[in-house]
$ cat input-v4.cif   # mmCIF, C-alpha atoms
data_protein
loop_
_atom_site.label_atom_id
_atom_site.label_comp_id
_atom_site.auth_asym_id
_atom_site.auth_seq_id
_atom_site.Cartn_x
_atom_site.Cartn_y
_atom_site.Cartn_z
CA MET A 1 -30.20 76.30 -25.29
CA LYS A 2 -29.42 73.54 -27.81
CA THR A 3 -25.73 74.30 -27.42
CA LEU A 4 -25.97 73.99 -23.66
CA ILE A 5 -27.73 70.61 -23.92
CA ALA A 6 -25.20 69.37 -26.48
CA LEU A 7 -22.30 70.50 -24.28
CA ALA A 8 -23.81 68.78 -21.24
CA SER A 9 -24.28 65.58 -23.25
CA VAL A 10 -20.66 65.61 -24.39
CA LEU A 11 -19.36 66.26 -20.87
CA PHE A 12 -21.57 63.52 -19.44
CA GLY A 13 -20.31 61.15 -22.15
CA PHE A 14 -16.68 61.86 -21.24
CA LYS A 15 -17.44 61.38 -17.55
CA ALA A 16 -19.13 58.04 -18.26
CA MET A 17 -16.16 56.90 -20.37
CA ALA A 18 -13.73 57.84 -17.61
CA ALA A 19 -15.52 55.98 -14.81
CA SER A 20 -13.58 53.10 -13.27
CA GLU A 21 -14.76 49.56 -13.91
CA VAL A 22 -14.48 46.70 -11.40
CA LEU A 23 -12.87 43.66 -13.04
CA LEU A 24 -12.40 41.42 -10.00
CA ASN A 25 -14.02 41.54 -6.57
CA CYS A 26 -12.70 39.10 -3.94
CA LYS A 27 -14.20 38.79 -0.45
CA ASN A 28 -13.50 36.70 2.63
CA LEU A 29 -9.83 36.23 1.83
CA ASP A 30 -8.24 33.89 4.32
CA GLN A 31 -5.42 36.30 5.26
CA THR A 32 -4.73 37.99 8.58
CA ASP A 33 -4.12 41.40 6.97
CA ILE A 34 -6.44 41.33 3.92
CA THR A 35 -10.17 40.60 3.94
CA SER A 36 -11.08 41.88 0.46
CA ALA A 37 -9.34 42.69 -2.81
CA ILE A 38 -10.71 44.63 -5.77
CA VAL A 39 -9.10 45.07 -9.17
CA GLN A 40 -10.46 47.96 -11.20
CA THR A 41 -9.54 50.26 -14.04
CA TYR A 42 -8.36 53.78 -13.31
CA GLU A 43 -10.62 56.70 -14.12
CA ASP A 44 -7.61 58.51 -15.60
CA PRO A 45 -7.29 57.58 -19.32
CA ALA A 46 -3.52 58.17 -19.07
CA LYS A 47 -3.31 55.02 -16.90
CA ARG A 48 -5.11 52.76 -19.37
CA PHE A 49 -2.36 50.11 -19.23
CA SER A 50 -2.44 49.96 -15.45
CA LEU A 51 -5.03 48.71 -13.02
CA GLU A 52 -5.75 49.60 -9.42
CA LEU A 53 -5.57 46.90 -6.75
CA ILE A 54 -7.53 47.92 -3.67
CA LEU A 55 -6.86 45.88 -0.53
CA ILE A 56 -9.10 46.13 2.53
CA ALA A 57 -7.77 45.08 5.93
CA PRO A 58 -9.88 43.56 8.74
CA ASN A 59 -9.79 46.94 10.56
CA GLY A 60 -11.22 48.68 7.46
CA GLU A 61 -7.94 50.25 6.35
CA VAL A 62 -7.79 50.63 2.56
CA ASN A 63 -4.56 50.31 0.58
CA SER A 64 -4.40 51.13 -3.13
CA LEU A 65 -1.64 49.77 -5.38
CA GLU A 66 -0.98 50.10 -9.09
CA ILE A 67 -0.60 46.82 -10.98
CA ASP A 68 0.16 46.04 -14.60
CA SER A 69 -2.88 45.02 -16.66
CA GLU A 70 -0.81 42.21 -18.21
CA ASP A 71 -0.30 40.64 -14.76
CA TYR A 72 -4.07 40.62 -14.25
CA ASN A 73 -4.72 39.19 -17.72
CA GLU A 74 -2.21 36.43 -17.01
CA GLY A 75 -3.87 35.74 -13.65
CA TRP A 76 -0.87 36.41 -11.42
CA ILE A 77 -1.24 39.44 -9.11
CA SER A 78 1.48 40.12 -6.57
CA LEU A 79 0.17 40.97 -3.08
CA PRO A 80 2.14 42.77 -0.37
CA THR A 81 4.24 40.37 1.69
CA ASP A 82 3.16 39.66 5.25
CA ASP A 83 6.04 39.14 7.68
CA THR A 84 7.82 36.31 5.84
CA ALA A 85 5.38 35.14 3.16
CA GLU A 86 5.52 36.09 -0.51
CA ARG A 87 1.92 36.05 -1.80
CA TYR A 88 0.04 36.14 -5.09
CA LEU A 89 -3.60 36.20 -6.11
CA THR A 90 -3.75 33.63 -8.92
CA ARG A 91 -6.42 32.60 -11.43
CA GLN A 92 -7.14 28.87 -11.47
CA ALA A 93 -9.50 26.85 -13.66
CA ASP A 94 -12.14 26.88 -10.91
CA GLY A 95 -11.64 30.48 -9.70
CA TRP A 96 -9.05 32.52 -7.82
CA GLU A 97 -6.80 31.57 -4.91
CA ILE A 98 -4.01 33.04 -2.84
CA PHE A 99 -0.71 31.27 -3.36
CA GLY A 100 2.14 31.98 -0.97
CA THR A 101 5.62 30.83 -0.12
CA ILE A 102 7.44 30.92 3.19
CA GLY A 103 11.01 29.87 2.60
CA GLN A 104 10.81 26.48 0.87
CA ALA A 105 7.20 25.79 1.91
CA SER A 106 4.17 26.90 -0.09
CA TYR A 107 0.49 27.26 0.76
CA SER A 108 -2.73 28.16 -0.97
CA ALA A 109 -6.06 29.54 0.20
CA LYS A 110 -9.29 29.70 -1.76
CA ALA A 111 -10.55 33.18 -2.61
CA GLU A 112 -14.25 33.98 -3.10
CA CYS A 113 -14.13 36.15 -6.22
CA GLU A 114 -16.47 37.47 -8.86
CA GLU A 115 -14.74 38.30 -12.11
CA LYS A 116 -15.97 40.25 -15.09
CA PRO A 117 -15.48 38.15 -18.25
CA LEU A 118 -12.15 39.00 -19.94
CA TYR A 119 -13.64 39.15 -23.45
#

$ encode --input "input-v4.cif" --output "structure tokens"
Amino acid sequence: MKTLIALASVLFGFKAMAASEVLLNCKNLDQTDITSAIVQTYEDPAKRFSLELILIAPNGEVNSLEIDSEDYNEGWISLPTDDTAERYLTRQADGWEIFGTIGQASYSAKAECEEKPLY
């Protein structure tokens, strides 16, 4: 019986260690194709240097992309392009914003984000 309890405790501990952790949660993004963005760790320990970017469209469609953890730490996350715009989710002193370029013109849009402290 003690062995069974100990084994269950160890398995539960591994499961808890492997759970994904939300690092950044952005809502109400001012984009026609993205309403929310979430950055989280992967549950798979083999992907410990990568993060998962989850994008939610206005119609509820969910798209998952792998991003480099260094990009997130530097505050510069590449988003999928929409038609002609190249877009990034960028960390600013007062929060996060979407920065985009269309040809020579650039634009920015405020993002409502909650971020887990980096350290």

$ closest_residue --input "input-v4.cif" --among "A:Asp82, A:Asp44, A:Ile98, A:Val39" --to "Leu65 of chain A" --atoms "only C-alpha atoms"
A:Val39

$ closest_residue --input "input-v4.cif" --among "A:Val62, A:Ala105, A:Ala46, A:Leu24" --to "Leu89 of chain A" --atoms "only C-alpha atoms"
A:Leu24

$ resolve_selection --input "input-v4.cif" --expression "the PyMOL selection byres ((chain A and resi 66-69) around 6)" --output "PyMOL selection string"
chain A and resi 49-52+65+70-72

$ closest_residue --input "input-v4.cif" --among "A:Lys110, A:Lys47, A:Lys116, A:Arg87" --to "Asn28 of chain A" --atoms "only C-alpha atoms"
A:Lys110

$ residues_near_point --input "input-v4.cif" --point "(-16.1, 42.1, -1.8)" --cutoff "7 Å" --atoms "all atoms listed in the file" --output "list in words"
Asn25, Cys26, Lys27, Ser36 and Ala37 of chain A

$ atom_distance --input "input-v4.cif" --atom1 "atom CA of Asp30 of chain A" --atom2 "atom CA of Ala111 of chain A"
7.3 Å

$ resolve_selection --input "input-v4.cif" --expression "the PyMOL selection byres ((chain A and resi 59) around 12)" --output "list in words"
Thr32, Asp33, Ile34, Thr35, Ser36, Leu55, Ile56, Ala57, Pro58, Gly60, Glu61, Val62 and Asn63 of chain A

$ residues_near_point --input "input-v4.cif" --point "(3.6, 33.0, -1.1)" --cutoff "7 Å" --atoms "all atoms listed in the file" --output "list in words"
Ala85, Glu86, Arg87, Tyr88, Phe99, Gly100, Thr101, Ile102, Ser106 and Tyr107 of chain A

$ write_last_selection --input "input-v4.cif" --atoms "C-alpha atoms" --output "CSV table (one decimal), keeping the file's coordinate frame"
chain,number,residue,atom,x,y,z
A,85,ALA,CA,5.4,35.1,3.2
A,86,GLU,CA,5.5,36.1,-0.5
A,87,ARG,CA,1.9,36.0,-1.8
A,88,TYR,CA,0.0,36.1,-5.1
A,99,PHE,CA,-0.7,31.3,-3.4
A,100,GLY,CA,2.1,32.0,-1.0
A,101,THR,CA,5.6,30.8,-0.1
A,102,ILE,CA,7.4,30.9,3.2
A,106,SER,CA,4.2,26.9,-0.1
A,107,TYR,CA,0.5,27.3,0.8

$ build_atoms --input "input-v4.cif" --residues "segment 55-66 of chain A" --atoms "all heavy atoms" --output "PDB file, in the frame of the given file"
ATOM      1  N   LEU A  55      -6.871  46.899  -1.579  1.00  0.00           N
ATOM      2  CA  LEU A  55      -6.860  45.880  -0.530  1.00  0.00           C
ATOM      3  C   LEU A  55      -7.515  46.460   0.711  1.00  0.00           C
ATOM      4  O   LEU A  55      -7.196  47.585   1.114  1.00  0.00           O
ATOM      5  CB  LEU A  55      -5.432  45.451  -0.227  1.00  0.00           C
ATOM      6  CG  LEU A  55      -4.651  44.878  -1.415  1.00  0.00           C
ATOM      7  CD1 LEU A  55      -3.203  44.651  -1.029  1.00  0.00           C
ATOM      8  CD2 LEU A  55      -5.295  43.603  -1.911  1.00  0.00           C
ATOM      9  N   ILE A  56      -8.400  45.693   1.324  1.00  0.00           N
ATOM     10  CA  ILE A  56      -9.100  46.130   2.530  1.00  0.00           C
ATOM     11  C   ILE A  56      -8.704  45.219   3.677  1.00  0.00           C
ATOM     12  O   ILE A  56      -8.837  43.993   3.575  1.00  0.00           O
ATOM     13  CB  ILE A  56     -10.617  46.150   2.312  1.00  0.00           C
ATOM     14  CG1 ILE A  56     -10.947  47.047   1.111  1.00  0.00           C
ATOM     15  CG2 ILE A  56     -11.339  46.626   3.566  1.00  0.00           C
ATOM     16  CD1 ILE A  56     -12.356  46.951   0.617  1.00  0.00           C
ATOM     17  N   ALA A  57      -8.216  45.815   4.755  1.00  0.00           N
ATOM     18  CA  ALA A  57      -7.770  45.080   5.930  1.00  0.00           C
ATOM     19  C   ALA A  57      -8.951  44.803   6.862  1.00  0.00           C
ATOM     20  O   ALA A  57      -9.993  45.458   6.745  1.00  0.00           O
ATOM     21  CB  ALA A  57      -6.696  45.884   6.668  1.00  0.00           C
ATOM     22  N   PRO A  58      -8.808  43.851   7.791  1.00  0.00           N
ATOM     23  CA  PRO A  58      -9.880  43.560   8.740  1.00  0.00           C
ATOM     24  C   PRO A  58     -10.330  44.784   9.547  1.00  0.00           C
ATOM     25  O   PRO A  58     -11.497  44.900   9.902  1.00  0.00           O
ATOM     26  CB  PRO A  58      -9.276  42.505   9.670  1.00  0.00           C
ATOM     27  CG  PRO A  58      -8.210  41.856   8.866  1.00  0.00           C
ATOM     28  CD  PRO A  58      -7.679  42.936   7.963  1.00  0.00           C
ATOM     29  N   ASN A  59      -9.426  45.737   9.802  1.00  0.00           N
ATOM     30  CA  ASN A  59      -9.790  46.940  10.560  1.00  0.00           C
ATOM     31  C   ASN A  59     -10.404  48.023   9.680  1.00  0.00           C
ATOM     32  O   ASN A  59     -10.672  49.123  10.142  1.00  0.00           O
ATOM     33  CB  ASN A  59      -8.574  47.485  11.305  1.00  0.00           C
ATOM     34  CG  ASN A  59      -7.477  47.972  10.368  1.00  0.00           C
ATOM     35  OD1 ASN A  59      -7.624  47.952   9.146  1.00  0.00           O
ATOM     36  ND2 ASN A  59      -6.368  48.392  10.941  1.00  0.00           N
ATOM     37  N   GLY A  60     -10.601  47.728   8.380  1.00  0.00           N
ATOM     38  CA  GLY A  60     -11.220  48.680   7.460  1.00  0.00           C
ATOM     39  C   GLY A  60     -10.235  49.557   6.717  1.00  0.00           C
ATOM     40  O   GLY A  60     -10.622  50.326   5.839  1.00  0.00           O
ATOM     41  N   GLU A  61      -8.955  49.452   7.038  1.00  0.00           N
ATOM     42  CA  GLU A  61      -7.940  50.250   6.350  1.00  0.00           C
ATOM     43  C   GLU A  61      -7.881  49.853   4.880  1.00  0.00           C
ATOM     44  O   GLU A  61      -7.892  48.670   4.534  1.00  0.00           O
ATOM     45  CB  GLU A  61      -6.574  50.029   7.002  1.00  0.00           C
ATOM     46  CG  GLU A  61      -5.467  50.846   6.393  1.00  0.00           C
ATOM     47  CD  GLU A  61      -4.127  50.586   7.074  1.00  0.00           C
ATOM     48  OE1 GLU A  61      -4.122  50.194   8.255  1.00  0.00           O
ATOM     49  OE2 GLU A  61      -3.101  50.776   6.415  1.00  0.00           O
ATOM     50  N   VAL A  62      -7.813  50.854   4.007  1.00  0.00           N
ATOM     51  CA  VAL A  62      -7.790  50.630   2.560  1.00  0.00           C
ATOM     52  C   VAL A  62      -6.420  50.997   2.018  1.00  0.00           C
ATOM     53  O   VAL A  62      -5.878  52.055   2.333  1.00  0.00           O
ATOM     54  CB  VAL A  62      -8.887  51.469   1.863  1.00  0.00           C
ATOM     55  CG1 VAL A  62      -8.818  51.298   0.356  1.00  0.00           C
ATOM     56  CG2 VAL A  62     -10.259  51.087   2.378  1.00  0.00           C
ATOM     57  N   ASN A  63      -5.863  50.097   1.198  1.00  0.00           N
ATOM     58  CA  ASN A  63      -4.560  50.310   0.580  1.00  0.00           C
ATOM     59  C   ASN A  63      -4.733  50.176  -0.924  1.00  0.00           C
ATOM     60  O   ASN A  63      -5.291  49.186  -1.400  1.00  0.00           O
ATOM     61  CB  ASN A  63      -3.565  49.284   1.124  1.00  0.00           C
ATOM     62  CG  ASN A  63      -2.152  49.554   0.680  1.00  0.00           C
ATOM     63  OD1 ASN A  63      -1.846  50.598   0.128  1.00  0.00           O
ATOM     64  ND2 ASN A  63      -1.285  48.589   0.921  1.00  0.00           N
ATOM     65  N   SER A  64      -4.271  51.143  -1.686  1.00  0.00           N
ATOM     66  CA  SER A  64      -4.400  51.130  -3.130  1.00  0.00           C
ATOM     67  C   SER A  64      -3.019  50.987  -3.769  1.00  0.00           C
ATOM     68  O   SER A  64      -2.092  51.724  -3.429  1.00  0.00           O
ATOM     69  CB  SER A  64      -5.056  52.437  -3.609  1.00  0.00           C
ATOM     70  OG  SER A  64      -5.079  52.494  -5.009  1.00  0.00           O
ATOM     71  N   LEU A  65      -2.898  50.026  -4.685  1.00  0.00           N
ATOM     72  CA  LEU A  65      -1.640  49.770  -5.380  1.00  0.00           C
ATOM     73  C   LEU A  65      -1.883  49.746  -6.884  1.00  0.00           C
ATOM     74  O   LEU A  65      -2.940  49.313  -7.345  1.00  0.00           O
ATOM     75  CB  LEU A  65      -1.056  48.420  -4.963  1.00  0.00           C
ATOM     76  CG  LEU A  65      -0.875  48.158  -3.473  1.00  0.00           C
ATOM     77  CD1 LEU A  65      -0.604  46.700  -3.226  1.00  0.00           C
ATOM     78  CD2 LEU A  65       0.258  49.013  -2.952  1.00  0.00           C
ATOM     79  N   GLU A  66      -0.894  50.170  -7.634  1.00  0.00           N
ATOM     80  CA  GLU A  66      -0.980  50.100  -9.090  1.00  0.00           C
ATOM     81  C   GLU A  66      -0.397  48.765  -9.544  1.00  0.00           C
ATOM     82  O   GLU A  66       0.670  48.362  -9.078  1.00  0.00           O
ATOM     83  CB  GLU A  66      -0.203  51.258  -9.714  1.00  0.00           C
ATOM     84  CG  GLU A  66      -0.360  51.335 -11.207  1.00  0.00           C
ATOM     85  CD  GLU A  66       0.259  52.600 -11.791  1.00  0.00           C
ATOM     86  OE1 GLU A  66       0.274  53.634 -11.103  1.00  0.00           O
ATOM     87  OE2 GLU A  66       0.716  52.540 -12.939  1.00  0.00           O
TER      88      GLU A  66
END
